[in-house]
>>> print(open('start_22.cif').read())   # mmCIF, C-alpha atoms (C1' of nucleotides)
data_data
loop_
_atom_site.label_atom_id
_atom_site.label_comp_id
_atom_site.auth_asym_id
_atom_site.auth_seq_id
_atom_site.Cartn_x
_atom_site.Cartn_y
_atom_site.Cartn_z
CA MET A 1 3.01 59.87 23.16
CA LEU A 2 3.52 56.23 23.99
CA SER A 3 4.38 55.88 27.68
CA LYS A 4 7.47 54.00 28.78
CA LYS A 5 5.18 51.48 30.43
CA ALA A 6 3.50 50.62 27.14
CA LYS A 7 6.81 50.61 25.31
CA TYR A 8 8.44 48.31 27.87
CA ALA A 9 5.35 46.10 27.87
CA ILE A 10 5.54 45.55 24.12
CA LYS A 11 9.25 44.83 24.28
CA ALA A 12 8.81 42.34 27.10
CA LEU A 13 5.90 40.63 25.37
CA LEU A 14 7.88 40.32 22.15
CA ALA A 15 10.73 38.75 24.09
CA LEU A 16 8.30 36.33 25.69
CA ALA A 17 6.84 35.49 22.29
CA ASP A 18 10.33 34.69 21.03
CA HIS A 19 11.00 32.54 24.04
CA GLU A 20 9.94 28.93 24.20
CA ARG A 21 6.31 28.60 25.26
CA GLU A 22 5.52 26.91 28.61
CA GLU A 23 8.97 28.04 29.73
CA PRO A 24 8.68 30.95 32.20
CA MET A 25 11.09 33.91 32.12
CA ARG A 26 12.19 35.71 35.25
CA ILE A 27 11.64 39.46 35.66
CA SER A 28 15.34 39.98 36.23
CA ASP A 29 16.31 38.17 33.03
CA LEU A 30 13.72 40.01 30.97
CA ALA A 31 14.85 43.31 32.46
CA ARG A 32 18.47 42.66 31.59
CA ALA A 33 17.69 41.47 28.07
CA GLU A 34 15.48 44.44 27.23
CA GLN A 35 17.29 47.12 29.22
CA ILE A 36 14.38 47.91 31.51
CA PRO A 37 14.62 48.96 35.20
CA PRO A 38 13.73 45.70 36.99
CA LYS A 39 11.41 47.10 39.62
CA PHE A 40 9.58 49.09 36.99
CA LEU A 41 9.20 46.05 34.77
CA GLU A 42 7.82 44.20 37.77
CA LEU A 43 4.91 46.61 37.90
CA ILE A 44 4.28 46.32 34.19
CA LEU A 45 4.26 42.53 34.09
CA LEU A 46 1.93 42.47 37.06
CA GLY A 47 -0.48 44.68 35.18
CA LEU A 48 -0.33 42.43 32.16
CA LYS A 49 -1.01 39.44 34.37
CA ASN A 50 -3.99 41.08 36.05
CA HIS A 51 -5.47 41.62 32.62
CA GLY A 52 -5.09 38.02 31.57
CA ILE A 53 -2.30 38.58 29.08
CA LEU A 54 0.40 36.87 31.11
CA GLN A 55 0.55 33.93 33.47
CA SER A 56 3.00 33.65 36.33
CA ARG A 57 4.62 31.00 38.45
CA LYS A 58 6.16 31.70 41.81
CA GLY A 59 9.19 30.14 43.43
CA LYS A 60 12.14 28.42 41.86
CA GLY A 61 11.87 27.93 38.15
CA GLY A 62 9.09 30.47 38.12
CA GLY A 63 8.55 33.67 36.16
CA TYR A 64 6.19 34.98 33.50
CA LEU A 65 4.81 33.45 30.33
CA LEU A 66 2.20 34.37 27.75
CA ALA A 67 -1.33 33.37 28.73
CA ARG A 68 -2.51 33.22 25.13
CA ASP A 69 -1.22 32.52 21.65
CA PRO A 70 0.85 35.46 20.31
CA ALA A 71 -1.60 35.64 17.39
CA ASP A 72 -4.34 36.51 19.90
CA ILE A 73 -2.53 39.35 21.64
CA TYR A 74 -3.23 42.69 19.99
CA LEU A 75 -1.10 45.79 20.39
CA GLY A 76 -4.29 47.82 20.74
CA GLN A 77 -5.12 46.04 23.97
CA ILE A 78 -1.65 46.59 25.38
CA VAL A 79 -1.52 50.27 24.55
CA ARG A 80 -5.04 50.93 25.88
CA LEU A 81 -4.17 49.10 29.08
CA PHE A 82 -1.29 51.40 29.95
CA ASP A 83 -2.05 54.62 28.09
CA GLY A 84 -5.84 54.67 27.96
CA PRO A 85 -7.96 55.18 24.86
CA LEU A 86 -6.31 55.57 21.46
CA ALA A 87 -8.43 58.57 20.49
CA PRO A 88 -6.78 62.00 20.90
CA VAL A 89 -9.99 63.31 22.46
CA PRO A 90 -12.50 61.44 24.64
CA CYS A 91 -15.42 62.25 22.34
CA ALA A 92 -13.69 60.38 19.51
CA SER A 93 -13.08 57.20 21.49
CA GLN A 94 -14.93 54.03 20.61
CA THR A 95 -13.96 52.03 23.69
CA ALA A 96 -14.18 54.88 26.24
CA TYR A 97 -16.46 57.52 24.80
CA VAL A 98 -17.06 60.62 26.90
CA ARG A 99 -19.06 63.55 25.62
CA CYS A 100 -17.47 67.02 25.68
CA ALA A 101 -19.22 69.11 28.31
CA ASP A 102 -19.06 72.26 26.24
CA CYS A 103 -19.78 70.83 22.78
CA PRO A 104 -23.40 71.54 21.78
CA ASN A 105 -23.41 69.32 18.70
CA GLU A 106 -20.60 66.88 18.21
CA ALA A 107 -21.83 65.80 14.78
CA VAL A 108 -20.80 69.17 13.37
CA CYS A 109 -17.66 69.73 15.48
CA GLY A 110 -14.53 70.03 13.36
CA VAL A 111 -12.26 68.77 16.12
CA HIS A 112 -14.48 65.75 16.63
CA LEU A 113 -14.60 64.90 12.92
CA ALA A 114 -10.85 65.18 12.41
CA MET A 115 -9.92 63.33 15.59
CA LYS A 116 -12.32 60.51 14.85
CA GLU A 117 -10.38 59.96 11.63
CA VAL A 118 -7.13 59.93 13.56
CA ARG A 119 -8.45 57.45 16.10
CA ASP A 120 -9.78 55.17 13.33
CA ALA A 121 -6.44 55.23 11.54
CA THR A 122 -4.56 54.46 14.75
CA ALA A 123 -6.96 51.70 15.76
CA LYS A 124 -6.68 50.13 12.31
CA VAL A 125 -2.95 49.76 12.83
CA LEU A 126 -2.85 48.73 16.49
CA ASP A 127 -5.92 46.51 16.47
CA GLY A 128 -4.60 44.93 13.28
CA THR A 129 -1.23 44.06 14.75
CA THR A 130 -0.66 41.06 16.99
CA LEU A 131 2.44 39.92 18.79
CA ALA A 132 2.74 37.20 16.15
CA SER A 133 2.37 39.50 13.16
CA LEU A 134 4.79 42.01 14.64
CA ARG A 135 7.27 39.23 15.27
CA GLY A 136 6.91 38.36 11.59
CA GLN A 137 7.61 41.94 10.57
CA VAL A 138 10.72 42.04 12.70
CA GLU A 139 11.98 38.79 11.18
CA ARG A 140 11.43 40.00 7.65
CA ALA A 141 13.20 43.27 8.47
CA ALA A 142 16.11 41.32 9.89
CA LEU A 143 16.44 39.37 6.65
CA VAL A 144 16.55 42.55 4.58
CA THR A 145 19.20 44.06 6.82
CA THR A 146 21.34 40.95 6.69
CA HIS A 147 21.25 40.74 2.90
CA SER A 148 22.72 44.19 2.39
CA MET B 1 -3.88 62.97 23.75
CA LEU B 2 -4.62 66.23 22.04
CA SER B 3 -3.84 69.13 24.38
CA LYS B 4 -6.42 71.78 25.13
CA LYS B 5 -4.17 74.28 23.42
CA ALA B 6 -4.26 72.38 20.15
CA LYS B 7 -7.97 71.75 20.48
CA TYR B 8 -8.73 75.40 21.17
CA ALA B 9 -6.43 76.45 18.34
CA ILE B 10 -8.30 74.34 15.82
CA LYS B 11 -11.64 75.64 17.06
CA ALA B 12 -10.51 79.24 16.88
CA LEU B 13 -9.00 78.78 13.43
CA LEU B 14 -12.19 77.19 12.14
CA ALA B 15 -14.17 80.12 13.50
CA LEU B 16 -11.80 82.52 11.76
CA ALA B 17 -12.13 80.55 8.53
CA ASP B 18 -15.90 80.90 8.76
CA HIS B 19 -15.60 84.60 9.41
CA GLU B 20 -15.28 87.11 6.62
CA ARG B 21 -11.69 87.42 5.43
CA GLU B 22 -9.88 90.76 5.97
CA GLU B 23 -12.21 91.31 8.92
CA PRO B 24 -10.37 90.82 12.24
CA MET B 25 -11.97 89.06 15.21
CA ARG B 26 -11.28 90.10 18.79
CA ILE B 27 -9.89 87.59 21.30
CA SER B 28 -12.82 88.24 23.60
CA ASP B 29 -15.40 87.54 20.89
CA LEU B 30 -13.63 84.38 19.77
CA ALA B 31 -13.37 83.23 23.37
CA ARG B 32 -17.06 83.73 23.99
CA ALA B 33 -18.11 82.07 20.74
CA GLU B 34 -15.93 79.00 21.27
CA GLN B 35 -16.17 78.74 25.06
CA ILE B 36 -12.47 79.20 25.69
CA PRO B 37 -10.89 81.00 28.70
CA PRO B 38 -9.96 84.39 27.19
CA LYS B 39 -6.49 84.75 28.66
CA PHE B 40 -5.65 81.21 27.66
CA LEU B 41 -6.85 81.84 24.13
CA GLU B 42 -4.70 84.95 24.03
CA LEU B 43 -1.62 82.79 24.51
CA ILE B 44 -2.71 80.38 21.83
CA LEU B 45 -3.45 83.01 19.20
CA LEU B 46 -0.12 84.65 19.92
CA GLY B 47 1.61 81.37 19.24
CA LEU B 48 -0.24 80.97 15.98
CA LYS B 49 0.73 84.48 15.00
CA ASN B 50 4.42 83.92 15.80
CA HIS B 51 4.33 80.95 13.46
CA GLY B 52 2.85 82.90 10.59
CA ILE B 53 -0.56 81.29 10.69
CA LEU B 54 -2.39 84.36 11.94
CA GLN B 55 -2.08 88.10 11.45
CA SER B 56 -3.08 90.66 14.03
CA ARG B 57 -4.13 94.28 14.20
CA LYS B 58 -3.87 96.36 17.34
CA GLY B 59 -6.12 99.09 18.58
CA LYS B 60 -9.76 99.78 17.90
CA GLY B 61 -11.25 97.55 15.21
CA GLY B 62 -8.30 95.22 15.65
CA GLY B 63 -8.06 91.52 16.35
CA TYR B 64 -6.86 88.38 14.63
CA LEU B 65 -7.28 87.10 11.09
CA LEU B 66 -5.88 84.23 9.04
CA ALA B 67 -2.54 84.98 7.43
CA ARG B 68 -3.07 82.45 4.63
CA ASP B 69 -5.83 80.84 2.65
CA PRO B 70 -7.68 78.19 4.72
CA ALA B 71 -6.75 75.66 2.02
CA ASP B 72 -3.09 76.25 2.92
CA ILE B 73 -3.40 75.70 6.65
CA TYR B 74 -2.87 72.07 7.61
CA LEU B 75 -4.00 70.48 10.84
CA GLY B 76 -0.67 68.68 11.03
CA GLN B 77 1.14 71.98 11.42
CA ILE B 78 -1.22 73.17 14.15
CA VAL B 79 -1.01 69.98 16.17
CA ARG B 80 2.78 69.78 15.89
CA LEU B 81 3.09 73.40 16.94
CA PHE B 82 1.34 72.84 20.26
CA ASP B 83 1.80 69.15 20.98
CA GLY B 84 5.08 68.32 19.27
CA PRO B 85 5.71 65.47 16.84
CA LEU B 86 2.85 63.21 15.77
CA ALA B 87 4.84 60.01 16.27
CA PRO B 88 4.18 58.12 19.52
CA VAL B 89 7.92 57.64 19.96
CA PRO B 90 10.76 59.98 18.93
CA CYS B 91 12.47 57.31 16.83
CA ALA B 92 9.38 57.08 14.62
CA SER B 93 9.13 60.81 13.94
CA GLN B 94 9.81 62.18 10.49
CA THR B 95 9.93 65.85 11.43
CA ALA B 96 11.73 65.46 14.77
CA TYR B 97 13.60 62.17 14.68
CA VAL B 98 15.60 61.23 17.76
CA ARG B 99 17.33 57.90 18.09
CA CYS B 100 16.59 55.74 21.14
CA ALA B 101 19.66 55.66 23.35
CA ASP B 102 19.19 52.03 24.30
CA CYS B 103 18.07 50.61 20.95
CA PRO B 104 20.95 48.75 19.27
CA ASN B 105 19.22 48.31 15.91
CA GLU B 106 16.10 50.27 15.19
CA ALA B 107 15.47 48.51 11.88
CA VAL B 108 14.56 45.34 13.75
CA CYS B 109 12.81 46.91 16.75
CA GLY B 110 9.19 45.87 17.04
CA VAL B 111 8.15 49.03 18.82
CA HIS B 112 9.79 51.15 16.14
CA LEU B 113 8.15 49.24 13.29
CA ALA B 114 4.67 49.38 14.80
CA MET B 115 4.89 53.02 15.87
CA LYS B 116 6.17 54.12 12.50
CA GLU B 117 2.98 52.73 11.03
CA VAL B 118 0.94 54.64 13.58
CA ARG B 119 2.76 57.86 12.88
CA ASP B 120 2.32 57.43 9.12
CA ALA B 121 -1.40 56.79 9.52
CA THR B 122 -1.80 59.83 11.77
CA ALA B 123 0.25 62.06 9.48
CA LYS B 124 -1.78 60.94 6.48
CA VAL B 125 -4.91 62.22 8.16
CA LEU B 126 -3.60 65.43 9.72
CA ASP B 127 -1.31 66.47 6.87
CA GLY B 128 -4.14 65.70 4.49
CA THR B 129 -6.65 67.91 6.25
CA THR B 130 -6.74 71.68 5.83
CA LEU B 131 -8.91 74.26 7.49
CA ALA B 132 -10.83 74.50 4.21
CA SER B 133 -11.36 70.77 3.80
CA LEU B 134 -12.40 70.39 7.42
CA ARG B 135 -14.85 73.25 7.01
CA GLY B 136 -16.27 71.34 4.06
CA GLN B 137 -16.65 68.21 6.16
CA VAL B 138 -18.46 70.13 8.86
CA GLU B 139 -20.82 71.66 6.32
CA ARG B 140 -21.64 68.32 4.77
CA ALA B 141 -22.24 66.84 8.22
CA ALA B 142 -24.56 69.72 9.03
CA LEU B 143 -26.61 69.02 5.91
CA VAL B 144 -27.02 65.37 6.85
CA THR B 145 -28.12 66.28 10.36
CA THR B 146 -30.63 68.81 9.12
CA HIS B 147 -32.20 66.41 6.63
CA SER B 148 -33.11 63.83 9.23
"C1'" DA C 1 12.90 25.48 56.70
"C1'" DT C 2 15.19 27.92 53.25
"C1'" DT C 3 15.64 29.73 48.94
"C1'" DT C 4 13.49 31.70 45.04
"C1'" DA C 5 10.58 34.75 42.74
"C1'" DT C 6 6.30 37.05 42.32
"C1'" DT C 7 2.84 40.35 44.78
"C1'" DC C 8 1.46 44.54 46.68
"C1'" DT C 9 1.41 49.30 48.60
"C1'" DA C 10 3.51 53.48 49.33
"C1'" DT C 11 6.38 57.06 48.07
"C1'" DC C 12 9.45 60.27 45.46
"C1'" DG C 13 11.04 63.99 42.44
"C1'" DA C 14 10.69 65.92 38.01
"C1'" DC C 15 8.01 67.47 34.59
"C1'" DT C 16 3.88 69.03 32.06
"C1'" DT C 17 -0.54 71.13 31.59
"C1'" DA C 18 -4.27 74.43 32.00
"C1'" DA C 19 -5.11 78.57 33.54
"C1'" DT C 20 -4.48 83.29 35.60
"C1'" DA C 21 -2.25 87.82 36.72
"C1'" DG C 22 -0.64 92.06 35.48
"C1'" DG C 23 1.82 95.34 33.33
"C1'" DG C 24 3.66 96.91 28.55
"C1'" DT C 25 3.00 98.53 23.80
"C1'" DA C 26 1.06 99.67 19.45
"C1'" DT C 27 -2.90 101.72 17.02
"C1'" DC C 28 -7.08 104.19 16.17
"C1'" DC C 29 -10.29 108.04 16.80
"C1'" DT C 30 -11.73 112.40 18.16
"C1'" DA D 1 -2.48 115.37 22.07
"C1'" DG D 2 -4.66 111.92 24.62
"C1'" DG D 3 -7.68 108.55 25.97
"C1'" DA D 4 -9.62 104.14 24.71
"C1'" DT D 5 -8.98 99.82 22.55
"C1'" DA D 6 -6.86 95.51 21.94
"C1'" DC D 7 -2.89 92.85 21.28
"C1'" DC D 8 1.95 91.56 23.47
"C1'" DC D 9 4.80 89.42 26.82
"C1'" DT D 10 6.64 87.29 31.11
"C1'" DA D 11 5.91 85.13 35.29
"C1'" DT D 12 3.49 82.25 38.34
"C1'" DT D 13 0.65 78.63 40.23
"C1'" DA D 14 -2.05 74.55 41.33
"C1'" DA D 15 -2.95 70.09 40.00
"C1'" DG D 16 -1.92 66.11 37.87
"C1'" DT D 17 0.96 62.56 35.57
"C1'" DC D 18 5.12 59.82 34.77
"C1'" DG D 19 9.11 57.14 35.52
"C1'" DA D 20 11.24 54.98 38.93
"C1'" DT D 21 12.43 53.00 43.60
"C1'" DA D 22 11.83 50.85 48.37
"C1'" DG D 23 10.56 47.38 51.21
"C1'" DA D 24 7.86 44.07 53.19
"C1'" DA D 25 4.37 40.13 52.25
"C1'" DT D 26 3.12 35.87 50.01
"C1'" DA D 27 3.42 31.61 47.51
"C1'" DA D 28 5.91 27.62 45.59
"C1'" DA D 29 9.67 24.42 45.05
"C1'" DT D 30 13.41 21.53 46.97
#
>>> encode(input="start_22.cif", output="structure tokens")
Amino acid sequence: MLSKKAKYAIKALLALADHEREEPMRISDLARAEQIPPKFLELILLGLKNHGILQSRKGKGGGYLLARDPADIYLGQIVRLFDGPLAPVPCASQTAYVRCADCPNEAVCGVHLAMKEVRDATAKVLDGTTLASLRGQVERAALVTTHS
Amino acid sequence: MLSKKAKYAIKALLALADHEREEPMRISDLARAEQIPPKFLELILLGLKNHGILQSRKGKGGGYLLARDPADIYLGQIVRLFDGPLAPVPCASQTAYVRCADCPNEAVCGVHLAMKEVRDATAKVLDGTTLASLRGQVERAALVTTHS
DNA sequence: ATTTATTCTATCGACTTAATAGGGTATCCT
DNA sequence: AGGATACCCTATTAAGTCGATAGAATAAAT
């Protein structure tokens, strides 16, 4: 399950990617636009900032803006930040591997083998999708919808 | 995250697939072999039985056995049974679709688009893996390990 | 200085998960 | 018949996580 935090984070980032660069957006405006509880969004944006994904400016005219090019912000990083490793089990994680205490030989563990495939498939999608590419997908989908 | 229930279920089912067919296994033996708390495993096997995946026999010489051929038991069904839909968000689920209350147009929602890809990738793996095929993978992995 | 807007810490209730307890019921064997 | 065996079922609990809110502190602009 994707947490609300991760979901809200992606929505907010997409909105920021759509917004003019170098032009900060306020928490309250973002919250209203994306239907997110403002104080909750506050926490999320702060987390994104502390991980170098967002920049912030305080005071009048301040707010949040992307710290990097949208083509350099991967969904995989966002999801891992809020929800932890992509792998369904720790022993199948590439970025946060933890051995199973009980498992005598992970190389011949059915659960391990199957879940490693799941984690690879998930990582292929999320580490292959950037804010920019996702924005492109949304635009193309909007065109299709309009034409019908 | 894969729950312990789902993890234990897969382990137990694999053990049953390895075991001679028509020959029941006791909860206590399965629990010892797979390092699972016996009373917890009891609950899990009962669930599998109530969904037609296992059969049971009571009394002396009783226990649990597979209700179908291992080639007809899909990991996707097991995981869904214990952990719910594979999709990270309800609006991306094929088997348990639920619309997002706040989302005005899901066709152009970035989260929806990305998570649908994740769910499809996950489903491709889990609905493409059976107890029999997984058993095969484990066997092949065991050969490789032995040869080195 | 005052306004604006982010920063930080603490807290809350609701829900879920992993596990255990304990009695009930069906079946087999002698 | 009757005990032993082993599954069946419901309830409970302790711990942890999640979504959300509160409120004061800090920094920047005018």
>>> interface_residues(input="start_22.cif", of="chain B", to="chain A", cutoff="7 Å", atoms="all atoms listed in the file", output="MDAnalysis selection string")
chainID B and resid 1:2 7 10:11 88:89 107:111 117:118 121:122 125 134 138 141:142
>>> interface_residues(input="start_22.cif", of="chain D", to="chain B", cutoff="10 Å", atoms="all atoms listed in the file", output="list in words")
DA4, DT5, DA6, DC7, DC8 and DC9 of chain D
>>> calpha_fit_and_write(input="start_22.cif", fixed="chain A", moving="chain B", output="mmCIF file with C-alpha atoms, keeping the file's coordinate frame")
data_model
loop_
_atom_site.group_PDB
_atom_site.id
_atom_site.type_symbol
_atom_site.label_atom_id
_atom_site.label_comp_id
_atom_site.auth_asym_id
_atom_site.auth_seq_id
_atom_site.Cartn_x
_atom_site.Cartn_y
_atom_site.Cartn_z
ATOM 1 C CA MET B 1 3.021 59.867 23.182
ATOM 2 C CA LEU B 2 3.517 56.241 24.025
ATOM 3 C CA SER B 3 4.367 55.871 27.717
ATOM 4 C CA LYS B 4 7.446 53.995 28.832
ATOM 5 C CA LYS B 5 5.167 51.466 30.458
ATOM 6 C CA ALA B 6 3.483 50.621 27.178
ATOM 7 C CA LYS B 7 6.788 50.612 25.347
ATOM 8 C CA TYR B 8 8.414 48.313 27.885
ATOM 9 C CA ALA B 9 5.343 46.084 27.885
ATOM 10 C CA ILE B 10 5.519 45.565 24.144
ATOM 11 C CA LYS B 11 9.239 44.848 24.317
ATOM 12 C CA ALA B 12 8.811 42.349 27.117
ATOM 13 C CA LEU B 13 5.896 40.643 25.388
ATOM 14 C CA LEU B 14 7.864 40.333 22.164
ATOM 15 C CA ALA B 15 10.730 38.776 24.093
ATOM 16 C CA LEU B 16 8.313 36.321 25.686
ATOM 17 C CA ALA B 17 6.846 35.508 22.278
ATOM 18 C CA ASP B 18 10.336 34.717 21.020
ATOM 19 C CA HIS B 19 11.019 32.550 24.026
ATOM 20 C CA GLU B 20 9.975 28.935 24.175
ATOM 21 C CA ARG B 21 6.346 28.574 25.222
ATOM 22 C CA GLU B 22 5.583 26.870 28.574
ATOM 23 C CA GLU B 23 9.021 28.025 29.708
ATOM 24 C CA PRO B 24 8.752 30.943 32.170
ATOM 25 C CA MET B 25 11.139 33.905 32.080
ATOM 26 C CA ARG B 26 12.273 35.686 35.229
ATOM 27 C CA ILE B 27 11.686 39.429 35.652
ATOM 28 C CA SER B 28 15.388 39.966 36.203
ATOM 29 C CA ASP B 29 16.361 38.176 32.987
ATOM 30 C CA LEU B 30 13.744 40.020 30.957
ATOM 31 C CA ALA B 31 14.873 43.309 32.460
ATOM 32 C CA ARG B 32 18.489 42.687 31.571
ATOM 33 C CA ALA B 33 17.704 41.506 28.048
ATOM 34 C CA GLU B 34 15.459 44.469 27.247
ATOM 35 C CA GLN B 35 17.271 47.154 29.246
ATOM 36 C CA ILE B 36 14.363 47.927 31.535
ATOM 37 C CA PRO B 37 14.600 48.943 35.238
ATOM 38 C CA PRO B 38 13.733 45.666 37.011
ATOM 39 C CA LYS B 39 11.374 47.032 39.638
ATOM 40 C CA PHE B 40 9.562 49.059 37.022
ATOM 41 C CA LEU B 41 9.200 46.018 34.805
ATOM 42 C CA GLU B 42 7.818 44.112 37.765
ATOM 43 C CA LEU B 43 4.920 46.553 37.935
ATOM 44 C CA ILE B 44 4.284 46.286 34.234
ATOM 45 C CA LEU B 45 4.267 42.496 34.100
ATOM 46 C CA LEU B 46 1.936 42.414 37.076
ATOM 47 C CA GLY B 47 -0.476 44.632 35.213
ATOM 48 C CA LEU B 48 -0.332 42.392 32.184
ATOM 49 C CA LYS B 49 -0.983 39.392 34.374
ATOM 50 C CA ASN B 50 -3.993 41.010 36.075
ATOM 51 C CA HIS B 51 -5.464 41.558 32.634
ATOM 52 C CA GLY B 52 -5.055 37.959 31.580
ATOM 53 C CA ILE B 53 -2.292 38.555 29.082
ATOM 54 C CA LEU B 54 0.418 36.851 31.104
ATOM 55 C CA GLN B 55 0.604 33.893 33.456
ATOM 56 C CA SER B 56 3.068 33.600 36.294
ATOM 57 C CA ARG B 57 4.719 30.920 38.374
ATOM 58 C CA LYS B 58 6.229 31.580 41.771
ATOM 59 C CA GLY B 59 9.244 30.036 43.377
ATOM 60 C CA LYS B 60 12.285 28.414 41.856
ATOM 61 C CA GLY B 61 12.029 27.938 38.096
ATOM 62 C CA GLY B 62 9.199 30.450 38.072
ATOM 63 C CA GLY B 63 8.626 33.622 36.110
ATOM 64 C CA TYR B 64 6.255 34.945 33.486
ATOM 65 C CA LEU B 65 4.857 33.413 30.317
ATOM 66 C CA LEU B 66 2.214 34.357 27.763
ATOM 67 C CA ALA B 67 -1.298 33.353 28.745
ATOM 68 C CA ARG B 68 -2.502 33.195 25.133
ATOM 69 C CA ASP B 69 -1.217 32.515 21.667
ATOM 70 C CA PRO B 70 0.839 35.467 20.329
ATOM 71 C CA ALA B 71 -1.610 35.645 17.409
ATOM 72 C CA ASP B 72 -4.343 36.498 19.931
ATOM 73 C CA ILE B 73 -2.547 39.339 21.668
ATOM 74 C CA TYR B 74 -3.250 42.688 20.036
ATOM 75 C CA LEU B 75 -1.134 45.789 20.419
ATOM 76 C CA GLY B 76 -4.314 47.823 20.765
ATOM 77 C CA GLN B 77 -5.148 46.046 24.000
ATOM 78 C CA ILE B 78 -1.665 46.588 25.419
ATOM 79 C CA VAL B 79 -1.546 50.274 24.580
ATOM 80 C CA ARG B 80 -5.048 50.927 25.918
ATOM 81 C CA LEU B 81 -4.215 49.088 29.116
ATOM 82 C CA PHE B 82 -1.328 51.395 29.977
ATOM 83 C CA ASP B 83 -2.084 54.614 28.129
ATOM 84 C CA GLY B 84 -5.871 54.667 27.964
ATOM 85 C CA PRO B 85 -7.996 55.200 24.861
ATOM 86 C CA LEU B 86 -6.343 55.580 21.462
ATOM 87 C CA ALA B 87 -8.457 58.581 20.473
ATOM 88 C CA PRO B 88 -6.802 61.997 20.870
ATOM 89 C CA VAL B 89 -9.997 63.325 22.431
ATOM 90 C CA PRO B 90 -12.531 61.476 24.614
ATOM 91 C CA CYS B 91 -15.432 62.300 22.298
ATOM 92 C CA ALA B 92 -13.708 60.414 19.478
ATOM 93 C CA SER B 93 -13.112 57.232 21.468
ATOM 94 C CA GLN B 94 -14.965 54.059 20.609
ATOM 95 C CA THR B 95 -14.003 52.075 23.692
ATOM 96 C CA ALA B 96 -14.210 54.927 26.216
ATOM 97 C CA TYR B 97 -16.491 57.574 24.761
ATOM 98 C CA VAL B 98 -17.086 60.684 26.846
ATOM 99 C CA ARG B 99 -19.068 63.616 25.556
ATOM 100 C CA CYS B 100 -17.477 67.078 25.617
ATOM 101 C CA ALA B 101 -19.240 69.183 28.220
ATOM 102 C CA ASP B 102 -19.065 72.341 26.148
ATOM 103 C CA CYS B 103 -19.788 70.908 22.696
ATOM 104 C CA PRO B 104 -23.394 71.648 21.683
ATOM 105 C CA ASN B 105 -23.407 69.391 18.620
ATOM 106 C CA GLU B 106 -20.614 66.926 18.154
ATOM 107 C CA ALA B 107 -21.813 65.854 14.709
ATOM 108 C CA VAL B 108 -20.768 69.219 13.309
ATOM 109 C CA CYS B 109 -17.637 69.781 15.409
ATOM 110 C CA GLY B 110 -14.503 70.056 13.317
ATOM 111 C CA VAL B 111 -12.244 68.789 16.060
ATOM 112 C CA HIS B 112 -14.475 65.770 16.584
ATOM 113 C CA LEU B 113 -14.610 64.928 12.878
ATOM 114 C CA ALA B 114 -10.857 65.200 12.373
ATOM 115 C CA MET B 115 -9.932 63.343 15.557
ATOM 116 C CA LYS B 116 -12.329 60.528 14.826
ATOM 117 C CA GLU B 117 -10.402 59.954 11.627
ATOM 118 C CA VAL B 118 -7.150 59.916 13.560
ATOM 119 C CA ARG B 119 -8.482 57.468 16.091
ATOM 120 C CA ASP B 120 -9.805 55.174 13.352
ATOM 121 C CA ALA B 121 -6.464 55.218 11.552
ATOM 122 C CA THR B 122 -4.586 54.469 14.774
ATOM 123 C CA ALA B 123 -6.990 51.708 15.784
ATOM 124 C CA LYS B 124 -6.704 50.127 12.349
ATOM 125 C CA VAL B 125 -2.981 49.758 12.864
ATOM 126 C CA LEU B 126 -2.882 48.740 16.526
ATOM 127 C CA ASP B 127 -5.955 46.502 16.503
ATOM 128 C CA GLY B 128 -4.630 44.938 13.331
ATOM 129 C CA THR B 129 -1.253 44.069 14.787
ATOM 130 C CA THR B 130 -0.678 41.062 17.029
ATOM 131 C CA LEU B 131 2.422 39.922 18.820
ATOM 132 C CA ALA B 132 2.734 37.196 16.180
ATOM 133 C CA SER B 133 2.353 39.504 13.197
ATOM 134 C CA LEU B 134 4.776 42.014 14.667
ATOM 135 C CA ARG B 135 7.274 39.233 15.282
ATOM 136 C CA GLY B 136 6.901 38.365 11.611
ATOM 137 C CA GLN B 137 7.587 41.952 10.605
ATOM 138 C CA VAL B 138 10.703 42.051 12.735
ATOM 139 C CA GLU B 139 11.956 38.814 11.215
ATOM 140 C CA ARG B 140 11.406 40.023 7.684
ATOM 141 C CA ALA B 141 13.169 43.290 8.503
ATOM 142 C CA ALA B 142 16.086 41.337 9.921
ATOM 143 C CA LEU B 143 16.413 39.370 6.688
ATOM 144 C CA VAL B 144 16.527 42.547 4.623
ATOM 145 C CA THR B 145 19.187 44.045 6.867
ATOM 146 C CA THR B 146 21.318 40.934 6.736
ATOM 147 C CA HIS B 147 21.190 40.699 2.947
ATOM 148 C CA SER B 148 22.659 44.129 2.382
#
>>> closest_atom_pairs(input="start_22.cif", of="chain C", to="chain B", cutoff="7 Å", atoms="all atoms listed in the file", output="JSON lines")
{"residue": "C:DA19", "atom": "C1'", "partner": "B:Phe40", "partner_atom": "CA", "distance": 6.5}
{"residue": "C:DA26", "atom": "C1'", "partner": "B:Lys58", "partner_atom": "CA", "distance": 6.3}
{"residue": "C:DT27", "atom": "C1'", "partner": "B:Gly59", "partner_atom": "CA", "distance": 4.4}
{"residue": "C:DC28", "atom": "C1'", "partner": "B:Lys60", "partner_atom": "CA", "distance": 5.4}
>>> residues_near_point(input="start_22.cif", point="(1.8, 72.1, 32.5)", cutoff="10 Å", atoms="all atoms listed in the file", output="PDB file with C-alpha atoms (C1' of nucleotides), keeping the file's coordinate frame")
ATOM      1  C1'  DC C  15       8.010  67.470  34.590  1.00  0.00           C
ATOM      2  C1'  DT C  16       3.880  69.030  32.060  1.00  0.00           C
ATOM      3  C1'  DT C  17      -0.540  71.130  31.590  1.00  0.00           C
ATOM      4  C1'  DA C  18      -4.270  74.430  32.000  1.00  0.00           C
ATOM      5  C1'  DA C  19      -5.110  78.570  33.540  1.00  0.00           C
TER       6       DA C  19
ATOM      7  C1'  DA D  14      -2.050  74.550  41.330  1.00  0.00           C
ATOM      8  C1'  DA D  15      -2.950  70.090  40.000  1.00  0.00           C
ATOM      9  C1'  DG D  16      -1.920  66.110  37.870  1.00  0.00           C
TER      10       DG D  16
END
